[in-house]
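Data from model39.txt: compact mmCIF, C-alpha atoms and all ligand atoms
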```txt
# COMPACT_ATOMS: atom_id res chain seq x y z
CA MET A 1 0.00 0.00 0.00
CA PRO A 2 1.50 3.38 -0.95
CA SER A 3 2.22 5.61 1.99
CA SER A 4 0.22 8.43 0.41
CA HIS A 5 -2.88 6.41 1.30
CA ILE A 6 -2.65 7.44 4.95
CA LEU A 7 -0.87 10.65 4.47
CA LYS A 8 -3.70 12.19 2.48
CA HIS A 9 -5.75 12.28 5.67
CA PHE A 10 -3.37 14.75 7.22
CA SER A 11 -3.48 18.44 6.38
CA ARG A 12 -1.51 19.73 3.41
CA ALA A 13 1.06 21.34 5.65
CA ALA A 14 1.42 18.12 7.60
CA LEU A 15 1.70 16.19 4.38
CA ALA A 16 4.59 18.24 3.07
CA VAL A 17 6.59 17.54 6.19
CA THR A 18 5.41 13.99 6.57
CA LEU A 19 6.47 13.01 3.07
CA SER A 20 10.03 13.18 4.24
CA ILE A 21 9.20 10.22 6.44
CA PRO A 22 10.54 7.10 4.72
CA LEU A 23 8.26 4.37 3.44
CA GLY A 24 8.96 2.37 6.54
CA TRP A 25 5.98 4.19 8.09
CA TYR A 26 3.92 0.99 8.14
CA VAL A 27 6.65 -1.45 8.80
CA LEU A 28 7.63 -2.04 12.35
CA PRO A 29 11.31 -2.63 12.87
CA SER A 30 12.05 -6.33 12.91
CA ALA A 31 13.54 -5.91 16.36
CA VAL A 32 10.08 -4.98 17.60
CA HIS A 33 8.43 -7.91 15.81
CA ALA A 34 10.94 -10.45 16.96
CA GLN A 35 10.17 -9.69 20.57
CA THR A 36 7.40 -12.21 21.07
CA ALA A 37 9.60 -14.78 22.75
CA ALA A 38 11.58 -12.18 24.70
CA THR A 39 10.94 -11.26 28.31
CA PRO A 40 9.28 -7.89 28.92
CA GLU A 41 12.61 -6.49 30.11
CA GLN A 42 14.36 -7.68 26.95
CA GLN A 43 11.59 -6.10 24.93
CA ARG A 44 12.04 -2.82 26.79
CA GLN A 45 15.76 -2.90 26.06
CA SER A 46 15.34 -3.64 22.38
CA LEU A 47 12.72 -0.90 22.10
CA ILE A 48 15.26 1.52 23.55
CA GLN A 49 17.80 0.34 20.98
CA VAL A 50 15.37 0.87 18.13
CA LEU A 51 14.57 4.36 19.43
CA GLN A 52 18.26 5.16 19.75
CA GLN A 53 18.73 4.19 16.14
CA ARG A 54 15.93 6.63 15.27
CA MET A 55 17.37 9.38 17.46
CA PRO A 56 21.13 8.85 17.65
CA GLY A 57 22.91 10.28 20.65
CA THR A 58 19.79 10.38 22.85
CA SER A 59 18.67 8.20 25.73
CA ALA A 60 15.50 7.40 27.63
CA SER A 61 16.03 10.22 30.12
CA ASP A 62 16.09 12.70 27.22
CA TRP A 63 12.88 11.31 25.75
CA MET A 64 10.80 11.78 28.86
CA LEU A 65 11.64 15.49 28.77
CA GLY A 66 10.57 15.74 25.17
CA ALA A 67 14.15 16.33 24.03
CA SER A 68 13.63 13.90 21.20
CA ASN A 69 11.09 16.28 19.85
CA PRO A 70 12.55 19.17 17.88
CA ALA A 71 9.34 21.19 18.21
CA ALA A 72 9.33 20.65 21.97
CA VAL A 73 5.54 20.47 21.76
CA VAL A 74 5.34 17.64 24.19
CA GLN A 75 7.91 19.02 26.56
CA ALA A 76 6.92 18.39 30.13
CA ILE A 77 7.43 21.18 32.61
CA PRO A 78 8.10 20.60 36.30
CA LEU A 79 5.58 21.45 38.92
CA ASN A 80 7.28 24.66 39.99
CA ALA A 81 7.06 26.30 36.54
CA ASP A 82 4.49 28.89 35.34
CA ASN A 83 1.47 26.98 36.45
CA ALA A 84 2.64 26.34 39.98
CA THR A 85 -0.38 27.93 41.64
CA ASN A 86 -2.73 25.95 39.54
CA SER A 87 -0.90 22.69 40.14
CA ALA A 88 -0.77 23.39 43.85
CA ASP A 89 -4.51 24.10 43.91
CA ILE A 90 -5.22 20.84 42.15
CA LEU A 91 -3.00 18.88 44.49
CA ALA A 92 -4.73 20.56 47.45
CA ILE A 93 -8.12 19.45 46.14
CA GLY A 94 -6.72 15.96 45.65
CA LYS A 95 -5.25 15.88 49.15
CA LYS A 96 -8.60 16.81 50.64
CA ALA A 97 -10.26 13.92 48.83
CA TRP A 98 -7.40 11.61 49.82
CA ASP A 99 -7.68 12.57 53.50
CA ARG A 100 -11.48 12.50 53.62
CA LYS A 101 -12.75 10.12 56.28
CA PHE A 102 -15.07 7.37 55.06
CA ARG A 103 -18.24 6.60 56.97
CA ASP A 104 -16.39 3.72 58.61
CA GLY A 105 -13.70 6.12 59.85
CA LYS A 106 -11.04 4.90 57.40
CA SER A 107 -9.63 6.79 54.44
CA LEU A 108 -7.86 6.02 51.17
CA ALA A 109 -4.50 5.83 52.94
CA ASN A 110 -5.77 2.71 54.75
CA CYS A 111 -5.98 0.75 51.50
CA PHE A 112 -2.35 1.09 50.50
CA PRO A 113 0.97 0.01 51.96
CA ASN A 114 2.91 2.85 53.58
CA ALA A 115 -0.31 4.93 53.55
CA GLY A 116 0.09 5.28 49.77
CA LYS A 117 3.55 6.83 49.78
CA ARG A 118 5.82 5.62 46.97
CA VAL A 119 3.11 3.20 45.82
CA ALA A 120 1.68 4.80 42.69
CA ALA A 121 4.97 4.34 40.81
CA THR A 122 4.32 0.58 40.87
CA TYR A 123 1.06 0.88 38.90
CA PRO A 124 -0.48 -0.54 36.78
CA GLN A 125 -0.29 -3.82 38.67
CA PHE A 126 -1.38 -7.29 37.64
CA GLU A 127 -3.78 -8.69 40.21
CA PRO A 128 -3.48 -12.50 40.31
CA LYS A 129 -6.81 -13.05 42.07
CA THR A 130 -8.93 -11.37 39.41
CA LYS A 131 -6.38 -11.82 36.59
CA MET A 132 -6.81 -8.14 35.80
CA VAL A 133 -4.55 -5.18 35.30
CA VAL A 134 -5.32 -2.59 37.97
CA THR A 135 -4.55 1.06 37.30
CA VAL A 136 -4.15 3.86 39.84
CA GLU A 137 -7.71 5.01 39.16
CA MET A 138 -9.07 1.47 39.59
CA ALA A 139 -7.12 1.00 42.81
CA ILE A 140 -8.70 4.17 44.20
CA ASN A 141 -12.16 2.91 43.24
CA ARG A 142 -11.47 -0.54 44.67
CA CYS A 143 -10.72 1.14 47.97
CA LEU A 144 -13.87 3.27 47.87
CA ALA A 145 -16.02 0.22 47.07
CA LEU A 146 -14.38 -1.84 49.80
CA HIS A 147 -15.36 0.79 52.36
CA GLY A 148 -18.90 1.26 51.03
CA GLU A 149 -18.17 4.62 49.39
CA THR A 150 -19.36 5.74 45.96
CA GLU A 151 -16.89 5.06 43.17
CA ILE A 152 -15.66 7.86 40.92
CA GLU A 153 -16.21 7.66 37.16
CA ALA A 154 -12.88 7.50 35.34
CA ALA A 155 -14.14 10.22 32.99
CA ASN A 156 -14.94 12.55 35.89
CA SER A 157 -11.66 14.39 35.58
CA ALA A 158 -12.74 17.16 37.98
CA VAL A 159 -12.80 14.63 40.82
CA MET A 160 -10.60 11.72 39.69
CA GLY A 161 -8.01 14.06 38.16
CA PRO A 162 -6.94 15.83 41.37
CA LEU A 163 -7.28 12.67 43.46
CA SER A 164 -5.15 10.51 41.19
CA ALA A 165 -2.70 13.42 40.83
CA TYR A 166 -2.33 13.62 44.60
CA PHE A 167 -1.89 9.85 44.95
CA ARG A 168 0.75 9.91 42.22
CA SER A 169 2.45 12.95 43.78
CA LEU A 170 3.14 10.78 46.84
CA SER A 171 5.54 8.94 44.51
CA ASP A 172 7.10 11.98 42.85
CA GLY A 173 10.75 11.38 42.03
CA GLN A 174 10.27 7.64 42.53
CA ARG A 175 11.36 5.55 39.59
CA LEU A 176 8.57 3.85 37.69
CA MET A 177 8.60 0.18 38.65
CA VAL A 178 5.87 -1.79 36.92
CA ARG A 179 6.17 -5.54 37.44
CA VAL A 180 5.33 -8.26 34.94
CA ALA A 181 6.24 -11.21 37.09
CA THR A 182 4.13 -14.18 35.95
CA VAL A 183 3.04 -15.87 32.75
CA GLN A 184 -0.48 -14.56 33.29
CA ALA A 185 0.80 -11.04 33.80
CA GLN A 186 2.80 -11.34 30.63
CA GLY A 187 -0.37 -12.32 28.80
CA LYS A 188 -1.75 -8.85 29.63
CA PHE A 189 1.53 -7.19 28.72
CA ASP A 190 1.48 -9.03 25.36
CA ALA A 191 -2.12 -7.96 24.75
CA GLY A 192 -1.10 -4.36 25.46
CA ARG A 193 1.84 -4.61 23.09
CA ALA A 194 -0.35 -6.13 20.38
CA LEU A 195 -2.70 -3.16 20.61
CA PHE A 196 0.25 -0.76 20.57
CA GLN A 197 1.49 -2.34 17.35
CA ARG A 198 -1.87 -2.89 15.64
CA ARG A 199 -2.83 -0.55 12.83
CA ILE A 200 -6.19 0.97 13.59
CA GLY A 201 -8.74 3.47 12.35
CA GLN A 202 -9.22 5.26 9.08
CA GLN A 203 -5.59 6.32 9.12
CA ASP A 204 -4.55 2.68 9.42
CA VAL A 205 -1.70 3.55 11.77
CA ALA A 206 -0.42 1.95 14.95
CA CYS A 207 0.71 3.72 18.12
CA ALA A 208 4.13 2.33 17.22
CA SER A 209 4.02 3.98 13.76
CA CYS A 210 4.16 7.38 15.40
CA HIS A 211 5.86 6.73 18.73
CA VAL A 212 8.52 4.19 17.69
CA GLN A 213 8.97 4.13 13.95
CA ASN A 214 8.72 7.90 13.50
CA ALA A 215 9.71 9.05 16.98
CA GLY A 216 11.63 12.31 16.92
CA LYS A 217 10.02 13.42 13.67
CA ILE A 218 7.47 16.15 13.14
CA LEU A 219 3.94 15.52 12.01
CA GLY A 220 2.34 18.78 10.97
CA GLN A 221 3.09 21.15 13.80
CA GLN A 222 3.63 18.40 16.31
CA GLY A 223 6.61 16.40 17.37
CA LEU A 224 6.26 12.66 17.78
CA SER A 225 7.58 11.63 21.17
CA ALA A 226 9.19 8.27 21.89
CA VAL A 227 7.02 5.75 23.73
CA VAL A 228 9.77 5.16 26.26
CA GLY A 229 9.43 8.06 28.69
CA GLN A 230 5.80 8.82 27.89
CA ALA A 231 4.31 7.26 31.01
CA VAL A 232 6.12 9.07 33.81
CA THR A 233 4.58 12.55 33.96
CA TRP A 234 0.87 11.93 34.52
CA PRO A 235 -1.70 13.23 34.93
CA ARG A 236 -1.10 16.43 32.98
CA LEU A 237 -2.42 19.86 33.68
CA GLN A 238 -3.95 21.37 30.58
CA PRO A 239 -4.47 25.08 29.96
CA GLY A 240 -7.67 26.00 31.78
CA GLY A 241 -6.93 23.66 34.66
CA ARG A 242 -8.34 20.41 33.27
CA VAL A 243 -6.49 17.35 34.44
CA LEU A 244 -5.75 14.90 31.63
CA GLY A 245 -5.12 11.28 32.54
CA LEU A 246 -2.84 8.97 30.56
CA GLN A 247 -5.73 6.90 29.20
CA MET A 248 -7.45 10.10 28.06
CA GLN A 249 -4.32 10.77 26.01
CA PHE A 250 -4.57 7.22 24.60
CA GLN A 251 -8.14 8.06 23.55
CA ARG A 252 -6.98 11.29 21.92
CA CYS A 253 -4.43 9.38 19.91
CA MET A 254 -6.97 6.71 18.92
CA GLN A 255 -9.23 9.49 17.66
CA ARG A 256 -6.30 10.99 15.81
CA SER A 257 -5.92 7.62 14.07
CA GLY A 258 -9.58 7.74 13.06
CA ALA A 259 -10.52 4.93 15.45
CA GLU A 260 -13.35 4.77 17.97
CA PRO A 261 -11.49 4.98 21.30
CA PHE A 262 -11.86 2.22 23.86
CA ALA A 263 -13.50 3.32 27.11
CA LEU A 264 -11.45 4.63 30.02
CA GLY A 265 -10.74 1.74 32.35
CA SER A 266 -11.57 -0.86 29.67
CA GLU A 267 -9.53 -4.04 29.60
CA GLU A 268 -8.01 -2.90 26.30
CA LEU A 269 -6.76 0.43 27.62
CA ASN A 270 -5.65 -1.11 30.91
CA ASN A 271 -3.53 -3.69 29.08
CA LEU A 272 -2.21 -0.98 26.78
CA GLU A 273 -1.27 1.12 29.81
CA TYR A 274 0.44 -1.90 31.42
CA TYR A 275 2.71 -2.36 28.38
CA HIS A 276 3.11 1.36 27.81
CA ALA A 277 4.10 2.07 31.42
CA PHE A 278 6.44 -0.93 31.69
CA VAL A 279 8.65 0.32 28.87
CA SER A 280 9.28 3.54 30.87
CA ASN A 281 10.43 1.56 33.92
CA GLY A 282 13.36 3.11 35.75
CA LEU A 283 12.53 6.71 34.85
CA PRO A 284 11.56 9.11 37.65
CA THR A 285 7.85 9.93 37.90
CA ARG A 286 6.51 13.44 38.20
CA THR A 287 2.91 14.50 38.67
CA LEU A 288 1.03 17.31 36.94
CA ALA A 289 3.51 18.31 34.34
CA VAL A 290 1.99 21.12 32.34
CA GLN A 291 0.68 20.22 28.91
CA ARG A 292 0.81 22.99 26.35
C1 LIG B 1 -0.55 9.71 13.74
C2 LIG B 1 0.44 9.72 14.79
C3 LIG B 1 0.05 9.19 16.16
C4 LIG B 1 -0.48 7.96 16.46
C5 LIG B 1 -0.88 6.84 15.52
C6 LIG B 1 -0.54 7.89 17.90
N1 LIG B 1 -0.10 9.06 18.45
FE1 LIG B 1 0.20 9.45 20.39
N2 LIG B 1 0.73 11.35 19.96
C7 LIG B 1 0.82 11.89 18.70
C8 LIG B 1 1.07 13.32 18.80
C9 LIG B 1 1.21 14.29 17.63
C10 LIG B 1 1.14 13.62 20.19
C11 LIG B 1 1.38 15.00 20.82
C12 LIG B 1 0.33 15.39 21.84
C13 LIG B 1 -1.07 15.47 21.30
O1 LIG B 1 -1.34 16.30 20.42
O2 LIG B 1 -1.95 14.69 21.75
C14 LIG B 1 0.94 12.35 20.86
C15 LIG B 1 1.02 12.20 22.23
C16 LIG B 1 0.96 10.99 22.89
C17 LIG B 1 1.22 10.81 24.30
C18 LIG B 1 1.69 11.90 25.25
C19 LIG B 1 3.16 12.02 25.07
C20 LIG B 1 3.79 13.07 25.94
O3 LIG B 1 4.76 12.75 26.61
O4 LIG B 1 3.29 14.20 25.94
C21 LIG B 1 1.01 9.50 24.60
C22 LIG B 1 1.14 8.84 25.93
C23 LIG B 1 0.58 8.86 23.36
N3 LIG B 1 0.59 9.78 22.35
C24 LIG B 1 0.26 7.52 23.25
C25 LIG B 1 -0.25 6.95 22.06
C26 LIG B 1 -0.83 5.64 22.00
C27 LIG B 1 -0.95 4.66 23.15
C28 LIG B 1 -1.22 5.45 20.70
C29 LIG B 1 -1.97 4.29 20.10
C30 LIG B 1 -3.33 4.06 20.61
C31 LIG B 1 -0.84 6.63 19.97
N4 LIG B 1 -0.29 7.53 20.83
C32 LIG B 1 -1.01 6.81 18.61
C33 LIG B 1 0.71 11.19 17.52
C34 LIG B 1 0.26 9.89 17.42
```
Output the file's structure in the form of structure tokens.
Ligand code: HEC
Amino acid sequence: MPSSHILKHFSRAALAVTLSIPLGWYVLPSAVHAQTAATPEQQRQSLIQVLQQRMPGTSASDWMLGASNPAAVVQAIPLNADNATNSADILAIGKKAWDRKFRDGKSLANCFPNAGKRVAATYPQFEPKTKMVVTVEMAINRCLALHGETEIEAANSAVMGPLSAYFRSLSDGQRLMVRVATVQAQGKFDAGRALFQRRIGQQDVACASCHVQNAGKILGQQGLSAVVGQAVTWPRLQPGGRVLGLQMQFQRCMQRSGAEPFALGSEELNNLEYYHAFVSNGLPTRTLAVQR
């Protein structure tokens, strides 16, 4: 299939720039394909190698800061930058919700080891009992349900946004440490990787097309960031104070591909997040980076 088939869906300006992207647009590097038998850690390493071939002289710690992106569109800004007041307000709202006493006298801190400190950086987690991937947002809701409290809709970013941001902020600076320890857990990881590599939507592109194969390049006005490093600075604070969760970004990118996005908290997006987060393992997490 000629590459112009997808490219025509982008704007003219985007097209002009995108045409400089080689025909390999569709084709995933063989190193990525050949990963099926590899352990998740080996896959993470070979993904880093592929990305380093795309962006010579850079490393994972550059990518998480958006340094791979010449336009710096996706550059993450630390909490104490321009939006500090706003970020602080949001964290204060989140802290209030975190500290709120349940009717049984407990609070969210009771559901997590170490009262939730340095815990969020280990999510998503595979839960052997239910054979499910549990995200930060799900873990919060599990706790609410366990104590007879009303759960919070994942899409309710005014409530879940600040609360998940506060929970994650208790891990700020902690290195992301997602575990894929069993065969069953790897099944979820593999499902997430398959979705990451599957071409979807009217554009017929995969996440990997943009965030591996063409990482570091510009599409239209926007830089394409590397997948490694993408998971560590969530949620994001958008202009206007809306808190954007990682899965909401996944949905945005599915829409960009012309696909109907999976629901927040769906098995598909949870598995995708499990894979997506794992490949950023070892990088320091930071909450409420400002999205421009
Ligand atoms: C056609 C190219 C394209 C495809 C396909 C694509 N994305 Fe993106 N992605 C982008 C662009 C451009 C951005 C910049 C931010 C924005 O505008 O949303 C982005 C941003 C992101 C970010 C935030 C990165 C950061 O650090 O700011 C994540 C995470 C992400 N994409 C994940 C995905 C996932 C998962 C998929 C597959 C479901 C996917 N993307 C598919 C182009 C793409």
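Here atom CA of A:Pro124 and atom CA of A:Trp234 stand 12.7 Å from one another.
Using all atoms listed in the file, we find that the residues with an atom at most 6 Å from any atom of ligand LIG 1 (chain B) are Val74, Phe196, Val205, Ala206, Cys207, Ser209, Cys210, Gln222, Gly223, Leu224, Ser225, Gln230, Gln249, Phe250, Cys253, Met254 and Ser257 of chain A.
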*Mind pulling up the distance from atom CA of A:Arg44 to atom CA of A:Ala139?*
25.3 Å
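From atom CA of A:Asn156 back to atom CA of A:Ala226, the distance works out to 28.2 Å.
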*Skipping near chain neighbours, those fewer than 5 positions away, what residues fall within 10 Å of stretch 106-117 of chain A using all atoms listed in the file, listed as JSON, numbers by chain?*
{"A": [97, 98, 99, 100, 101, 139, 140, 141, 142, 143, 144, 146, 147, 167, 168, 169, 170, 171, 172, 174]}
*Skip A:Thr182 itself and residues of its chain fewer than 5 positions away, then list as a PyMOL selection string all residues within 12 Å of it, counting only C-alpha atoms.*
chain A and resi 39-40+125-128+131+187-189
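Distances from A:Glu260, A:Thr285, A:His211, A:Leu246 to A:Thr135 were compared using all atoms listed in the file, and the smallest one belongs to A:Leu246.
Near A:Gly229, within a cut-off of 8 Å and counting all atoms listed in the file, sit the residues Ala60, Ser61, Trp63, Met64, Leu65, Val279, Ser280 and Leu283 of chain A, with same-chain residues fewer than 5 positions away left out.
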*Can you work out which one of A:Met248, A:Ala88, A:Leu288, A:Leu47 has the shortest atom-to-atom distance to A:Ala165, counting only C-alpha atoms?*
A:Leu288
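Distances to A:Ala194 were evaluated for A:His276, A:Arg179, A:Arg242, A:Arg103 using all atoms listed in the file, and the minimum falls at A:His276.
When the distance limit is 8 Å and all atoms listed in the file are what count, the residues near A:Leu176, minus those fewer than 6 positions from it on the same chain, are Ala121, Thr122, Val232, Ala277, Phe278, Ser280, Asn281, Gly282, Leu283, Pro284 and Thr285 of chain A.
With distances restricted to only C-alpha atoms, A:Glu137 is the closest residue to A:Gly265 from A:Glu137, A:Glu149, A:Glu41, A:Asp204.
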_Could you list, as a VMD selection string, every residue within 7 Å of A:Gly258, counting only C-alpha atoms and ignoring same-chain residues fewer than 5 positions away?_
chain A and resid 201 to 203
